[in-house]
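Here's the structure we're looking at; comments come further down.
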Amino acid sequence: MKVLICSDSFKHSMGAMEVCHSLAEGLEAERNDLHLTLLPLADGGEGTVQALVDATGGKMIQTQVHDPLMRIIPATYGLLGKGQTAVIEMAAASGIEKLAENERNPLLTTSYGTGELIRAALDQGCRKILLGIGGSATIDGGAGLLHALGARFFDQNQEPILPTGEKLHYIRHIDTSTLDHRLKKTDISVAGDVDNPLTGPHGAAYVYGPQKGARPGDLKMLDQNLEAYAHLLQKYTSHNLLSISGAGAAGGLAVSLLAFSLATLENGFNLVAHELNLEKVIQQNDLIITGEGKIDEQTHYGKTPFGVARLANKHNKPVVAVAGSLETNHLKGFDLLLPVMEKPMDLSTALASGKELLQNAGRRIAKIISLTHRLQQKA
């Protein structure tokens with residue numbers, strides 16, 4: 001039997017490749033006749049770089065960038081196996097985890113460092129870039145990113161501006177003549193997994209501002225600043241950015257790239273699946289095992305296990321999903337949902353025991369396979 005193990009990471013516990021290896025060890029401990037294929041996955045959020053690097057035999061590259069408050073920090077991005085595609089996580093440079101809790105304020109933060117990571121990938125010779133945008137600390141519409149790539153912003157007095165969430169409404173002129181010329185020859189895909197618009201009650205400021213440190217009184221200003229910036233971009237490009245589904249992700253990061261036709265906005269899981277040729281790999285296997293740290297009713301909204309199940313169902317392949325936290329027993333598309341914990345335990349113990357728990361889950365799946373075979377022989 002051919003078995004594909006294609007899991008996402010278990011957040012705060014194990015990376016995607018380690019999850020796949022642990023499940024494989026459990027399966028092999030019970031049965032030595034299984035042909036296992038391991039393929040770490042992600043959905044464009046945290047862990048995407050490592051998953052794609054591991055899956056393609058690529059490497060991590062470290063460089064120096066500016067953090068959301070313009071302090072120099074080290075940051076890494078991934079170079080995929082063939083050396084022509086870079087995969088970047090916004091969080092590596094412009095993530096909220098780069099700031100202490102008392103430093104978090106999207107009025108003051110910038111996505112400049114993410115633009116520097118893109119520039120570093122261009123310097124490496126990459127002409128295809130996959131950009132994951134989870135975990136950001138910014139609500140600057142990607143203006144900081146565009147600035148790092150060569151664009152210049154000016155106020156009504158033609159004074160230069162380093163754009164932040166607070167300063168967007170001061171911008172009156174954008175000079176793109178100095179924008180990095182390599183961008184026009186580069187395929188940039190932005191991986192998103194939400195459908196929030198840029199502005200309004202469901203937009204970047206009101207929905208995500210509080211978790212980035214915005215005070216209640218700041219939300220209206222941030223929302224209005226994004227709207228003003230979008231209208232300014234429309235004057236230069238004729239693109240109506242306020243109507244784009246998903247443009248509100250990561251503080252509107254993709255807006256600046258989309259305005260000048262420098263990138264496309266895509267579903268994160270679909271982007272990863274395409275890059276790894278996941279559907280073809282699924283077709284080549286008999287049983288599909290996937291997983292994620294938490295599986296609940298939200299799993300159907302773009303998360304890795306559901307994306308795997310959708311492709312497996314298309315080709316009539318049975319799907320087992322394992323989870324550290326399983327909050328539902330009934331999700332369409334899965335043949336079996338399996339919690340890794342067999343008895344109650346506190347979170348810290350569960351996180352520390354992740355490898356053993358996943359190995360045991362692999363053993364249970366192997367026993368189910370054996371039981372199924374015995375029943376088929378008796379039928």
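Ordered as shown in the structure tokens, chains take letters A, B, and onward, while each chain numbers its residues from 1 and ligands are numbered from 1 in the order shown.
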
What are the DSSP strand (DSSP E) residues of stretch 134-368 of chain A, as a ChimeraX atom specification? /A:152-154,160-161,173-175,187-192,264-267,287-295,319-326,336-339

Go ahead and write the residues just picked, C-alpha atoms, as a PDB file, in the first residue's frame.
ATOM      1  CA  ARG A 152       9.430  57.330  -3.222  1.00  0.00           C
ATOM      2  CA  PHE A 153       6.591  59.039  -1.324  1.00  0.00           C
ATOM      3  CA  PHE A 154       6.136  62.782  -0.877  1.00  0.00           C
ATOM      4  CA  PRO A 160       9.875  62.746   1.427  1.00  0.00           C
ATOM      5  CA  ILE A 161       7.853  60.432   3.684  1.00  0.00           C
ATOM      6  CA  HIS A 173       2.733  62.007  -4.713  1.00  0.00           C
ATOM      7  CA  ILE A 174       4.331  58.632  -5.505  1.00  0.00           C
ATOM      8  CA  ASP A 175       7.416  58.435  -7.708  1.00  0.00           C
ATOM      9  CA  ASP A 187       6.426  36.489 -10.918  1.00  0.00           C
ATOM     10  CA  ILE A 188       5.294  37.393  -7.387  1.00  0.00           C
ATOM     11  CA  SER A 189       2.409  35.481  -5.803  1.00  0.00           C
ATOM     12  CA  VAL A 190       0.973  36.665  -2.483  1.00  0.00           C
ATOM     13  CA  ALA A 191      -0.492  33.845  -0.414  1.00  0.00           C
ATOM     14  CA  GLY A 192      -3.626  34.876   1.481  1.00  0.00           C
ATOM     15  CA  THR A 264      -1.196  38.310  -7.879  1.00  0.00           C
ATOM     16  CA  LEU A 265      -3.169  37.473  -4.741  1.00  0.00           C
ATOM     17  CA  GLU A 266      -3.854  33.752  -4.384  1.00  0.00           C
ATOM     18  CA  ASN A 267      -5.175  31.236  -1.883  1.00  0.00           C
ATOM     19  CA  LEU A 287      -4.176   6.464   1.471  1.00  0.00           C
ATOM     20  CA  ILE A 288      -3.699  10.118   2.352  1.00  0.00           C
ATOM     21  CA  ILE A 289      -2.771  11.216   5.895  1.00  0.00           C
ATOM     22  CA  THR A 290      -2.817  14.914   6.708  1.00  0.00           C
ATOM     23  CA  GLY A 291      -2.948  16.984   9.867  1.00  0.00           C
ATOM     24  CA  GLU A 292      -2.611  20.260  11.730  1.00  0.00           C
ATOM     25  CA  GLY A 293      -2.285  21.381  15.313  1.00  0.00           C
ATOM     26  CA  LYS A 294      -5.964  22.296  15.556  1.00  0.00           C
ATOM     27  CA  ILE A 295      -8.900  21.011  13.530  1.00  0.00           C
ATOM     28  CA  VAL A 319      -8.247  10.673   3.927  1.00  0.00           C
ATOM     29  CA  VAL A 320      -7.205  10.499   7.582  1.00  0.00           C
ATOM     30  CA  ALA A 321      -6.544  13.751   9.456  1.00  0.00           C
ATOM     31  CA  VAL A 322      -4.712  13.924  12.790  1.00  0.00           C
ATOM     32  CA  ALA A 323      -4.847  16.894  15.141  1.00  0.00           C
ATOM     33  CA  GLY A 324      -3.336  18.016  18.415  1.00  0.00           C
ATOM     34  CA  SER A 325      -6.664  19.615  19.264  1.00  0.00           C
ATOM     35  CA  LEU A 326      -9.747  18.102  17.655  1.00  0.00           C
ATOM     36  CA  LEU A 336     -11.343   9.636   9.822  1.00  0.00           C
ATOM     37  CA  LEU A 337     -10.467  12.448  12.229  1.00  0.00           C
ATOM     38  CA  LEU A 338      -7.973  11.319  14.834  1.00  0.00           C
ATOM     39  CA  PRO A 339      -6.816  13.242  17.940  1.00  0.00           C
TER      40      PRO A 339
END

Write out as a short mmCIF file (atom, residue, chain, number, x, y, z; two decimals) with N, CA and C atoms, in the first residue's frame the residues lying within 9 Å of A:Leu23, counting only C-alpha atoms and excluding same-chain residues fewer than 3 positions away.
data_model
loop_
_atom_site.label_atom_id
_atom_site.label_comp_id
_atom_site.auth_asym_id
_atom_site.auth_seq_id
_atom_site.Cartn_x
_atom_site.Cartn_y
_atom_site.Cartn_z
N ILE A 5 1.92 10.97 3.45
CA ILE A 5 1.79 11.74 4.69
C ILE A 5 2.12 13.19 4.36
N GLU A 18 8.79 17.46 10.66
CA GLU A 18 8.90 16.64 11.87
C GLU A 18 7.60 15.89 12.16
N VAL A 19 6.47 16.54 11.91
CA VAL A 19 5.18 15.88 12.07
C VAL A 19 5.10 14.67 11.13
N CYS A 20 5.46 14.89 9.85
CA CYS A 20 5.40 13.81 8.87
C CYS A 20 6.32 12.65 9.28
N GLY A 26 5.69 5.90 13.46
CA GLY A 26 4.64 5.09 14.08
C GLY A 26 4.07 4.06 13.13
N LEU A 27 3.81 4.46 11.90
CA LEU A 27 3.30 3.53 10.89
C LEU A 27 4.28 2.38 10.66
N GLU A 28 5.55 2.71 10.53
CA GLU A 28 6.56 1.69 10.23
C GLU A 28 6.80 0.76 11.42
N ILE A 289 -2.75 10.81 4.49
CA ILE A 289 -2.77 11.22 5.90
C ILE A 289 -2.32 12.67 5.96
N LYS A 355 6.21 14.48 19.57
CA LYS A 355 6.78 13.41 18.76
C LYS A 355 6.20 12.05 19.15
N LEU A 357 3.38 11.42 20.77
CA LEU A 357 1.96 11.38 20.49
C LEU A 357 1.68 11.10 19.01
N LEU A 358 2.46 11.72 18.15
CA LEU A 358 2.28 11.49 16.72
C LEU A 358 2.72 10.09 16.31
N GLN A 359 3.77 9.60 16.93
CA GLN A 359 4.19 8.22 16.66
C GLN A 359 3.07 7.25 17.05
N ASN A 360 2.46 7.49 18.19
CA ASN A 360 1.36 6.63 18.62
C ASN A 360 0.17 6.75 17.68
N ALA A 361 -0.09 7.95 17.18
CA ALA A 361 -1.17 8.12 16.21
C ALA A 361 -0.87 7.33 14.94
N GLY A 362 0.39 7.35 14.52
CA GLY A 362 0.79 6.56 13.35
C GLY A 362 0.56 5.07 13.59
N ARG A 363 0.86 4.60 14.80
CA ARG A 363 0.62 3.19 15.12
C ARG A 363 -0.87 2.85 15.04
#

Restricting the calculation to only C-alpha atoms: of A:Thr372, A:Gly44, A:Leu222, A:Val87, which residue gets closest to A:Lys59? A:Val87

What are the closest atom pairs, with distances in Å to one decimal, for all residues of stretch 241-287 of chain A lying within 8 Å of stretch 301-313 of chain A? Consider only C-alpha atoms, order rows by chain and residue number, and present the result as CSV.
residue,atom,partner,partner_atom,distance
A:Asn267,CA,A:Gly302,CA,7.4
A:Gly268,CA,A:Gly302,CA,7.6
A:Phe269,CA,A:Thr304,CA,6.1
A:Asn270,CA,A:Gly307,CA,7.6
A:Glu279,CA,A:Leu311,CA,6.1
A:Ile282,CA,A:Ala312,CA,6.4
A:Gln283,CA,A:Ala312,CA,7.7

Write down as JSON, numbers by chain the residues belonging to stretch 19-236 of chain A that are assigned alpha helix (DSSP H) by DSSP computed on the backbone. {"A": [19, 20, 21, 22, 23, 24, 25, 26, 27, 28, 29, 30, 48, 49, 50, 51, 52, 53, 54, 55, 56, 91, 92, 93, 94, 112, 113, 114, 115, 116, 117, 118, 119, 120, 121, 122, 123, 143, 144, 145, 146, 147, 148, 219, 220, 221, 222, 223, 224, 225, 226, 227, 228, 229, 230, 231, 232, 233, 234, 235, 236]}

For A:His202: contacts at 12 Å, only C-alpha atoms, fewer than 4 positions along chain excluded, given as a ChimeraX atom specification: /A:194-198,206-209,219,223,242,245-249
